[in-house]
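Asks: I have a structure here, written as structure tokens, and I will follow up with some questions on it.
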There are 2 protein chains.
Amino acid sequence: MLKVTLVGKGAVSKHLERVFSNTNSVEVTEVLSSRGDALLKALQNSRRRNSEVSKIVQPDIYIIAVRDDVITTVSKQLAKCSQLIVHTSGSVSIDAIAEGSRRGVFYPLQTFSKGRKVDFERIPICIEAEKKGDLDLLNTLATSVSKSVYEISSEQRKSLHLAAVFVNNFTNHLFQIGNEICESSDLPFDILKPLISETVEKISALPPIDAQTGPAKRNDQKTIERHLKQLHNKTYQKVYQILTESIKETYGEEL
Amino acid sequence: MLKVTLVGKGAVSKHLERVFSNTNSVEVTEVLSSRGDALLKALQNSRRRNSEVSKIVQPDIYIIAVRDDVITTVSKQLAKCSQLIVHTSGSVSIDAIAEGSRRGVFYPLQTFSKGRKVDFERIPICIEAEKKGDLDLLNTLATSVSKSVYEISSEQRKSLHLAAVFVNNFTNHLFQIGNEICESSDLPFDILKPLISETVEKISALPPIDAQTGPAKRNDQKTIERHLKQLHNKTYQKVYQILTESIKETYGEEL
């Protein structure tokens, strides 16, 4: 049984707690707050309890699931631990964890919202560690909850996180603009959902570069100009212009 | 049995031919080429044949599935017909069809690629006609192949088409950028697909404005700046900047 202590009480921590608890191979020994000196006190208490009952319930791994900018601070409070310490961030290097520790990364590539369940089995988990033994430990942890586990360097993870911003955050914003355009013409957003589904299903069969359609790809200037006139929001106009320019550049040689 | 003649031999025409042929209530009498004077000759032949055998196999509806900029030209060649004439375009007004005809629109809101089957039942079909009887005819035709049929004006259809460019064309381009970023770091694009699926599944439960996450939403300037440095393509940098600006503006009041 792998023993895991979670540090942080946000969405990622909550999801991990739930998914580990559903396995037979991982036990969540504690979920500690990362705020103020709550963590230090909790660690002291935990050690005292353990020595009193002479039982070792120390975890094998500390998972720090906190905001990017406090990972280093939190990891310093754990610095005296001999356990593997990992963070869960896509955009932070393994070096953010205090030196001298056994360091690693356990990054589930997914968007987590409180109250929304996700099917963890399908989530790619990107792991990284400095020592072979620690990597094996993370691999055991990751495969206990997911079918796709990738060993990814800090450099690669940074690229992946950037790509994720494009395909997730920015894509969602385009949906939001589509929703607004529908609302302003008394159209239900639902009317766009089958198109959105097909947009995604298509790329399971075709690479996106081959799936591209639309006025920018066709270089249909008349439609592009009419669309720009239809948009009253100046920022949305700029979004339309730059994405059109980018598509044109991508297919430029074919025109 | 509704009789339909298709004009044009592109992707939309091919999809409509296949899907109508699978019903018991619609017969595709002919698929005519729209090129040059092929259409005029075909119409003359068709009329001569009909008068010879004294049978009426004239269609109830002509569906012009051709490029936006030739809809008017093609419809003029059909101008002497007494049948309902419709086009299938999202961005062209009903008025593009030659005056004096019984005019309409039959717009399936979907992205069609040759060689890729789509589940027509789920595709919203937007219909428009000038006369109640013609609208009923189009409604019968549309409901024979789709479960969601909307009566939409030319003005609304223009907005819908613009919204579709955002959620389909532009979204696919963001996938393409994500793909490129992965490739440049030796990462398989497949690693992003569960995230892409969740991005879409999420909006079935939450409106996109509530589903937004990421550095722009959090106003996490440090991450935004690092991401911009990671991007070597100047146009992709601009795409990142303007989408970030647009997200910040959307959530500005909450910051």
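Within each chain, counting starts at residue 1; across the structure tokens, chains are named A, B, ... in the order shown, with ligands numbered 1 upward in that order.
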Could you list, as number ranges by chain, every residue within 8 Å of region 235-245 of chain A, counting only C-alpha atoms and ignoring same-chain residues fewer than 6 positions away?
Replies: A: 177, 216, 228; B: 166, 170, 173, 235, 238-239, 242-243, 245-246
Asks: Next, the residues of the selection above should be written as a PDB file, in the first residue's frame with N, CA, C and O atoms.
Replies:
ATOM      1  N   ILE A 177     -17.306  33.416 -26.831  1.00  0.00           N
ATOM      2  CA  ILE A 177     -17.631  34.423 -27.850  1.00  0.00           C
ATOM      3  C   ILE A 177     -18.787  33.910 -28.718  1.00  0.00           C
ATOM      4  O   ILE A 177     -19.730  34.655 -29.009  1.00  0.00           O
ATOM      5  N   ALA A 216     -11.074  31.855 -43.736  1.00  0.00           N
ATOM      6  CA  ALA A 216      -9.642  32.189 -43.688  1.00  0.00           C
ATOM      7  C   ALA A 216      -8.853  31.170 -44.518  1.00  0.00           C
ATOM      8  O   ALA A 216      -7.989  31.533 -45.310  1.00  0.00           O
ATOM      9  N   LEU A 228     -16.239  40.828 -39.986  1.00  0.00           N
ATOM     10  CA  LEU A 228     -15.629  41.873 -39.147  1.00  0.00           C
ATOM     11  C   LEU A 228     -16.608  43.003 -38.890  1.00  0.00           C
ATOM     12  O   LEU A 228     -16.663  43.571 -37.801  1.00  0.00           O
TER      13      LEU A 228
ATOM     14  N   PHE B 166     -16.024  31.014 -35.113  1.00  0.00           N
ATOM     15  CA  PHE B 166     -15.283  31.027 -33.843  1.00  0.00           C
ATOM     16  C   PHE B 166     -15.177  29.617 -33.242  1.00  0.00           C
ATOM     17  O   PHE B 166     -14.088  29.173 -32.906  1.00  0.00           O
ATOM     18  N   PHE B 170     -11.844  28.573 -35.915  1.00  0.00           N
ATOM     19  CA  PHE B 170     -10.794  29.132 -35.051  1.00  0.00           C
ATOM     20  C   PHE B 170     -10.350  28.109 -33.996  1.00  0.00           C
ATOM     21  O   PHE B 170      -9.170  28.006 -33.671  1.00  0.00           O
ATOM     22  N   HIS B 173      -7.978  25.775 -35.411  1.00  0.00           N
ATOM     23  CA  HIS B 173      -6.646  26.374 -35.564  1.00  0.00           C
ATOM     24  C   HIS B 173      -5.883  26.375 -34.230  1.00  0.00           C
ATOM     25  O   HIS B 173      -4.664  26.150 -34.202  1.00  0.00           O
ATOM     26  N   THR B 235       3.318  35.313 -34.909  1.00  0.00           N
ATOM     27  CA  THR B 235       1.861  35.346 -35.058  1.00  0.00           C
ATOM     28  C   THR B 235       1.179  34.605 -33.902  1.00  0.00           C
ATOM     29  O   THR B 235       0.164  35.060 -33.381  1.00  0.00           O
ATOM     30  N   LYS B 238       1.008  36.797 -31.021  1.00  0.00           N
ATOM     31  CA  LYS B 238      -0.102  37.759 -31.113  1.00  0.00           C
ATOM     32  C   LYS B 238      -1.431  37.084 -30.763  1.00  0.00           C
ATOM     33  O   LYS B 238      -2.277  37.679 -30.098  1.00  0.00           O
ATOM     34  N   VAL B 239      -1.599  35.838 -31.247  1.00  0.00           N
ATOM     35  CA  VAL B 239      -2.821  35.083 -30.921  1.00  0.00           C
ATOM     36  C   VAL B 239      -2.931  34.938 -29.404  1.00  0.00           C
ATOM     37  O   VAL B 239      -3.989  35.185 -28.811  1.00  0.00           O
ATOM     38  N   ILE B 242      -3.769  38.493 -27.742  1.00  0.00           N
ATOM     39  CA  ILE B 242      -5.101  39.065 -27.917  1.00  0.00           C
ATOM     40  C   ILE B 242      -6.165  38.195 -27.224  1.00  0.00           C
ATOM     41  O   ILE B 242      -7.127  38.718 -26.665  1.00  0.00           O
ATOM     42  N   LEU B 243      -5.972  36.869 -27.223  1.00  0.00           N
ATOM     43  CA  LEU B 243      -6.935  36.022 -26.509  1.00  0.00           C
ATOM     44  C   LEU B 243      -6.835  36.242 -24.995  1.00  0.00           C
ATOM     45  O   LEU B 243      -7.850  36.248 -24.294  1.00  0.00           O
ATOM     46  N   GLU B 245      -5.908  39.084 -23.610  1.00  0.00           N
ATOM     47  CA  GLU B 245      -6.534  40.396 -23.406  1.00  0.00           C
ATOM     48  C   GLU B 245      -8.058  40.256 -23.367  1.00  0.00           C
ATOM     49  O   GLU B 245      -8.738  40.825 -22.517  1.00  0.00           O
ATOM     50  N   SER B 246      -8.573  39.459 -24.305  1.00  0.00           N
ATOM     51  CA  SER B 246     -10.023  39.290 -24.414  1.00  0.00           C
ATOM     52  C   SER B 246     -10.594  38.581 -23.183  1.00  0.00           C
ATOM     53  O   SER B 246     -11.651  38.954 -22.675  1.00  0.00           O
TER      54      SER B 246
END
Asks: Go through region 101-127 of chain A residue by residue and, counting only C-alpha atoms, keep those with an atom at most 9 Å from region 57-78 of chain A; for each kept residue give the shortest atom pair and its distance in Å to one decimal, ordered by chain and increasing number, as CSV.
Replies:
residue,atom,partner,partner_atom,distance
A:Ser101,CA,A:Leu78,CA,8.5
A:Val105,CA,A:Ile63,CA,8.6
A:Phe106,CA,A:Ile63,CA,7.8
Asks: Would you mind aligning chain B to chain A, a least-squares fit over all C-alpha atoms taken in order, and returning the superposed chain as a compact mmCIF listing (two decimals) with C-alpha atoms, in the first residue's frame?
Replies:
# COMPACT_ATOMS: atom_id res chain seq x y z
CA MET B 1 0.00 -0.01 0.01
CA LEU B 2 1.40 3.37 -1.09
CA LYS B 3 0.86 6.07 1.53
CA VAL B 4 0.27 9.59 0.29
CA THR B 5 -0.15 12.86 2.19
CA LEU B 6 -1.79 15.69 0.29
CA VAL B 7 -0.81 19.27 1.03
CA GLY B 8 -3.34 21.88 -0.07
CA LYS B 9 -7.10 21.79 -0.12
CA GLY B 10 -7.97 23.13 -3.59
CA ALA B 11 -9.66 21.47 -6.56
CA VAL B 12 -6.66 19.30 -7.57
CA SER B 13 -6.19 18.03 -4.02
CA LYS B 14 -9.87 17.18 -3.71
CA HIS B 15 -9.84 15.26 -6.98
CA LEU B 16 -6.69 13.36 -6.04
CA GLU B 17 -8.08 12.47 -2.61
CA ARG B 18 -11.24 11.06 -4.16
CA VAL B 19 -9.49 9.10 -6.87
CA PHE B 20 -6.77 7.63 -4.60
CA SER B 21 -9.41 6.62 -2.06
CA ASN B 22 -11.14 4.58 -4.74
CA THR B 23 -8.07 2.41 -5.32
CA ASN B 24 -6.91 -0.60 -3.30
CA SER B 25 -3.28 0.36 -3.61
CA VAL B 26 -3.07 3.95 -2.39
CA GLU B 27 -3.93 5.29 1.05
CA VAL B 28 -4.32 9.01 1.70
CA THR B 29 -2.95 9.34 5.23
CA GLU B 30 -3.75 13.03 5.65
CA VAL B 31 -4.84 16.15 3.79
CA LEU B 32 -2.93 19.10 5.25
CA SER B 33 -3.68 22.77 4.83
CA SER B 34 -0.85 24.76 3.25
CA ARG B 35 -1.91 28.09 4.79
CA GLY B 36 0.27 30.08 7.17
CA ASP B 37 1.96 27.84 9.74
CA ALA B 38 -0.89 25.29 9.70
CA LEU B 39 1.35 22.92 7.77
CA LEU B 40 4.28 23.12 10.21
CA LYS B 41 1.99 22.51 13.18
CA ALA B 42 0.29 19.62 11.44
CA LEU B 43 3.65 18.04 10.63
CA GLN B 44 4.80 18.40 14.26
CA ASN B 45 1.55 16.89 15.55
CA SER B 46 1.76 14.10 13.08
CA ARG B 47 5.34 13.21 14.15
CA ARG B 48 4.53 13.36 17.86
CA ARG B 49 1.52 11.09 17.39
CA ASN B 50 3.60 8.62 15.47
CA SER B 51 6.33 8.41 18.06
CA GLU B 52 3.76 8.03 20.85
CA VAL B 53 2.09 5.03 19.32
CA SER B 54 5.39 3.77 17.91
CA LYS B 55 3.78 3.17 14.60
CA ILE B 56 5.08 4.44 11.32
CA VAL B 57 2.22 6.08 9.47
CA GLN B 58 4.56 8.45 7.69
CA PRO B 59 3.64 8.72 3.99
CA ASP B 60 5.79 7.51 1.14
CA ILE B 61 5.04 10.61 -0.88
CA TYR B 62 4.01 14.19 -0.12
CA ILE B 63 1.94 15.67 -2.93
CA ILE B 64 1.94 19.46 -2.85
CA ALA B 65 -1.19 20.56 -4.70
CA VAL B 66 -1.03 24.33 -4.20
CA ARG B 67 -0.81 27.51 -6.27
CA ASP B 68 2.31 27.71 -8.46
CA ASP B 69 3.79 30.66 -6.57
CA VAL B 70 3.75 28.99 -3.14
CA ILE B 71 5.17 25.60 -4.15
CA THR B 72 8.70 26.57 -3.05
CA THR B 73 7.58 28.03 0.29
CA VAL B 74 5.48 24.99 1.10
CA SER B 75 8.19 22.55 0.05
CA LYS B 76 10.66 24.28 2.40
CA GLN B 77 8.42 23.44 5.32
CA LEU B 78 8.71 19.79 4.31
CA ALA B 79 12.48 20.07 3.81
CA LYS B 80 13.44 17.85 6.74
CA CYS B 81 11.34 14.96 5.45
CA SER B 82 13.09 12.02 3.86
CA GLN B 83 10.06 11.23 1.74
CA LEU B 84 9.57 11.97 -1.92
CA ILE B 85 8.06 15.44 -2.38
CA VAL B 86 6.22 16.21 -5.62
CA HIS B 87 4.19 19.10 -6.96
CA THR B 88 1.28 18.89 -9.41
CA SER B 89 1.92 21.94 -11.57
CA GLY B 90 2.18 22.03 -15.35
CA SER B 91 4.26 25.15 -15.57
CA VAL B 92 6.69 24.90 -12.66
CA SER B 93 10.08 23.18 -12.85
CA ILE B 94 11.02 20.27 -10.60
CA ASP B 95 13.64 22.67 -9.16
CA ALA B 96 10.93 24.69 -7.43
CA ILE B 97 10.93 22.07 -4.70
CA ALA B 98 13.46 22.87 -1.99
CA GLU B 99 16.93 21.54 -2.65
CA GLY B 100 18.11 18.60 -0.61
CA SER B 101 14.74 16.87 -0.85
CA ARG B 102 13.88 13.87 -2.96
CA ARG B 103 12.05 15.80 -5.65
CA GLY B 104 9.45 14.94 -8.28
CA VAL B 105 6.42 16.05 -10.29
CA PHE B 106 3.01 14.41 -10.59
CA TYR B 107 1.09 16.49 -13.14
CA PRO B 108 -2.37 15.34 -14.20
CA LEU B 109 -3.01 17.08 -17.54
CA GLN B 110 -6.60 18.09 -17.08
CA THR B 111 -8.80 21.04 -16.21
CA PHE B 112 -10.30 20.64 -12.76
CA SER B 113 -13.38 22.46 -11.54
CA LYS B 114 -14.83 21.96 -8.12
CA GLY B 115 -18.02 19.92 -8.24
CA ARG B 116 -17.28 18.43 -11.64
CA LYS B 117 -16.19 14.77 -11.74
CA VAL B 118 -13.67 13.73 -14.34
CA ASP B 119 -12.84 10.23 -15.49
CA PHE B 120 -9.33 9.93 -14.07
CA GLU B 121 -8.51 6.75 -15.99
CA ARG B 122 -8.38 8.79 -19.20
CA ILE B 123 -6.28 11.62 -17.78
CA PRO B 124 -2.63 11.62 -18.89
CA ILE B 125 -0.36 11.84 -15.87
CA CYS B 126 3.08 13.35 -16.49
CA ILE B 127 5.71 12.22 -14.02
CA GLU B 128 9.25 13.36 -13.38
CA ALA B 129 11.84 12.52 -10.71
CA GLU B 130 15.59 12.86 -10.25
CA LYS B 131 16.22 9.26 -9.19
CA LYS B 132 15.20 6.05 -10.90
CA GLY B 133 13.67 4.65 -7.69
CA ASP B 134 11.51 7.74 -7.21
CA LEU B 135 10.36 7.61 -10.81
CA ASP B 136 9.32 3.98 -10.26
CA LEU B 137 7.39 5.06 -7.16
CA LEU B 138 5.56 7.76 -9.12
CA ASN B 139 4.90 5.35 -11.93
CA THR B 140 3.25 2.95 -9.47
CA LEU B 141 1.17 5.77 -8.05
CA ALA B 142 0.15 7.09 -11.48
CA THR B 143 -0.75 3.73 -13.01
CA SER B 144 -2.96 2.98 -10.02
CA VAL B 145 -5.33 5.73 -11.18
CA SER B 146 -4.67 6.34 -14.89
CA LYS B 147 -4.14 4.32 -18.03
CA SER B 148 -1.84 6.87 -19.63
CA VAL B 149 1.32 7.80 -17.81
CA TYR B 150 4.12 9.76 -19.48
CA GLU B 151 7.65 10.42 -18.28
CA ILE B 152 8.11 14.08 -19.17
CA SER B 153 10.96 16.48 -18.44
CA SER B 154 10.41 19.92 -16.88
CA GLU B 155 11.18 21.52 -20.26
CA GLN B 156 8.65 19.35 -22.07
CA ARG B 157 6.07 19.97 -19.35
CA LYS B 158 6.38 23.71 -19.88
CA SER B 159 5.59 23.27 -23.58
CA LEU B 160 2.72 20.96 -22.73
CA HIS B 161 1.27 23.51 -20.36
CA LEU B 162 1.52 26.21 -23.02
CA ALA B 163 -0.19 23.93 -25.56
CA ALA B 164 -2.90 23.21 -22.97
CA VAL B 165 -3.62 26.93 -22.64
CA PHE B 166 -4.31 27.07 -26.39
CA VAL B 167 -6.49 23.96 -26.63
CA ASN B 168 -8.34 24.42 -23.33
CA ASN B 169 -8.38 28.01 -21.99
CA PHE B 170 -8.39 29.79 -25.34
CA THR B 171 -10.79 27.31 -26.92
CA ASN B 172 -13.24 27.81 -24.06
CA HIS B 173 -13.03 31.55 -24.64
CA LEU B 174 -13.92 31.07 -28.32
CA PHE B 175 -16.96 29.08 -27.14
CA GLN B 176 -17.82 32.02 -24.91
CA ILE B 177 -17.63 34.44 -27.86
CA GLY B 178 -19.82 32.06 -29.91
CA ASN B 179 -22.30 31.96 -27.03
CA GLU B 180 -22.44 35.77 -26.89
CA ILE B 181 -23.00 36.10 -30.63
CA CYS B 182 -25.88 33.61 -30.38
CA GLU B 183 -27.45 35.43 -27.45
CA SER B 184 -27.29 38.78 -29.21
CA SER B 185 -29.32 37.27 -32.07
CA ASP B 186 -31.83 35.39 -29.88
CA LEU B 187 -30.36 32.04 -30.84
CA PRO B 188 -29.86 29.21 -28.33
CA PHE B 189 -26.18 28.28 -27.79
CA ASP B 190 -27.32 24.63 -27.98
CA ILE B 191 -27.61 25.00 -31.74
CA LEU B 192 -23.77 25.18 -31.92
CA LYS B 193 -23.03 22.15 -29.74
CA PRO B 194 -23.19 19.44 -32.42
CA LEU B 195 -20.75 21.51 -34.49
CA ILE B 196 -18.44 21.85 -31.48
CA SER B 197 -18.58 18.09 -30.89
CA GLU B 198 -17.74 17.37 -34.51
CA THR B 199 -14.84 19.86 -34.40
CA VAL B 200 -13.28 17.71 -31.69
CA GLU B 201 -14.29 14.30 -33.03
CA LYS B 202 -12.76 15.18 -36.38
CA ILE B 203 -9.24 15.48 -34.95
CA SER B 204 -9.35 11.89 -33.71
CA ALA B 205 -9.30 10.93 -37.39
CA LEU B 206 -7.47 13.85 -39.02
CA PRO B 207 -4.57 16.01 -37.80
CA PRO B 208 -5.92 19.55 -37.20
CA ILE B 209 -3.89 20.91 -40.11
CA ASP B 210 -5.93 18.73 -42.48
CA ALA B 211 -9.25 19.38 -40.72
CA GLN B 212 -9.17 23.16 -41.23
CA THR B 213 -12.07 24.73 -43.13
CA GLY B 214 -13.64 28.20 -43.27
CA PRO B 215 -13.25 31.62 -44.89
CA ALA B 216 -9.65 32.19 -43.69
CA LYS B 217 -8.50 28.84 -45.11
CA ARG B 218 -10.31 29.58 -48.41
CA ASN B 219 -8.97 33.16 -48.33
CA ASP B 220 -12.59 34.30 -48.83
CA GLN B 221 -12.00 38.01 -48.26
CA LYS B 222 -15.63 39.01 -48.87
CA THR B 223 -16.93 36.84 -46.04
CA ILE B 224 -14.06 37.86 -43.74
CA GLU B 225 -14.89 41.54 -44.24
CA ARG B 226 -18.59 41.00 -43.68
CA HIS B 227 -17.85 39.05 -40.47
CA LEU B 228 -15.63 41.86 -39.18
CA LYS B 229 -18.45 44.36 -39.76
CA GLN B 230 -20.90 42.12 -37.89
CA LEU B 231 -18.69 42.16 -34.78
CA HIS B 232 -19.38 45.16 -32.57
CA ASN B 233 -16.90 44.25 -29.83
CA LYS B 234 -13.49 45.72 -30.85
CA THR B 235 -11.54 43.04 -29.00
CA TYR B 236 -13.50 40.24 -30.68
CA GLN B 237 -12.73 41.94 -34.01
CA LYS B 238 -9.03 41.74 -33.15
CA VAL B 239 -9.41 38.07 -32.15
CA TYR B 240 -11.08 37.39 -35.50
CA GLN B 241 -8.39 39.29 -37.42
CA ILE B 242 -5.36 37.71 -35.83
CA LEU B 243 -6.75 34.15 -36.00
CA THR B 244 -7.62 34.72 -39.65
CA GLU B 245 -4.09 36.03 -40.27
CA SER B 246 -2.61 33.03 -38.49
CA ILE B 247 -4.69 30.54 -40.52
CA LYS B 248 -3.75 32.33 -43.76
CA GLU B 249 -0.06 32.13 -42.84
CA THR B 250 -0.36 28.43 -42.05
CA TYR B 251 -1.86 27.64 -45.44
CA GLY B 252 -0.12 30.46 -47.30
CA GLU B 253 1.82 28.30 -49.69
CA GLU B 254 -1.30 26.57 -50.96
CA LEU B 255 -3.07 29.80 -51.95
Asks: According to DSSP computed on the backbone, where in region 4-244 of chain A is there strand (DSSP E)? Give the residues as a PyMOL selection string.
Replies: chain A and resi 4-7+26-32+61-64+84-87+102-108+125-129+149-151
Asks: Pull the alpha helix (DSSP H) assignments for region 91-248 of chain B out of DSSP run on the backbone, and list those residues as a ChimeraX atom specification.
Replies: /B:132-143,154-164,171-184,193-205,208-211,215-218,221-230,234-248
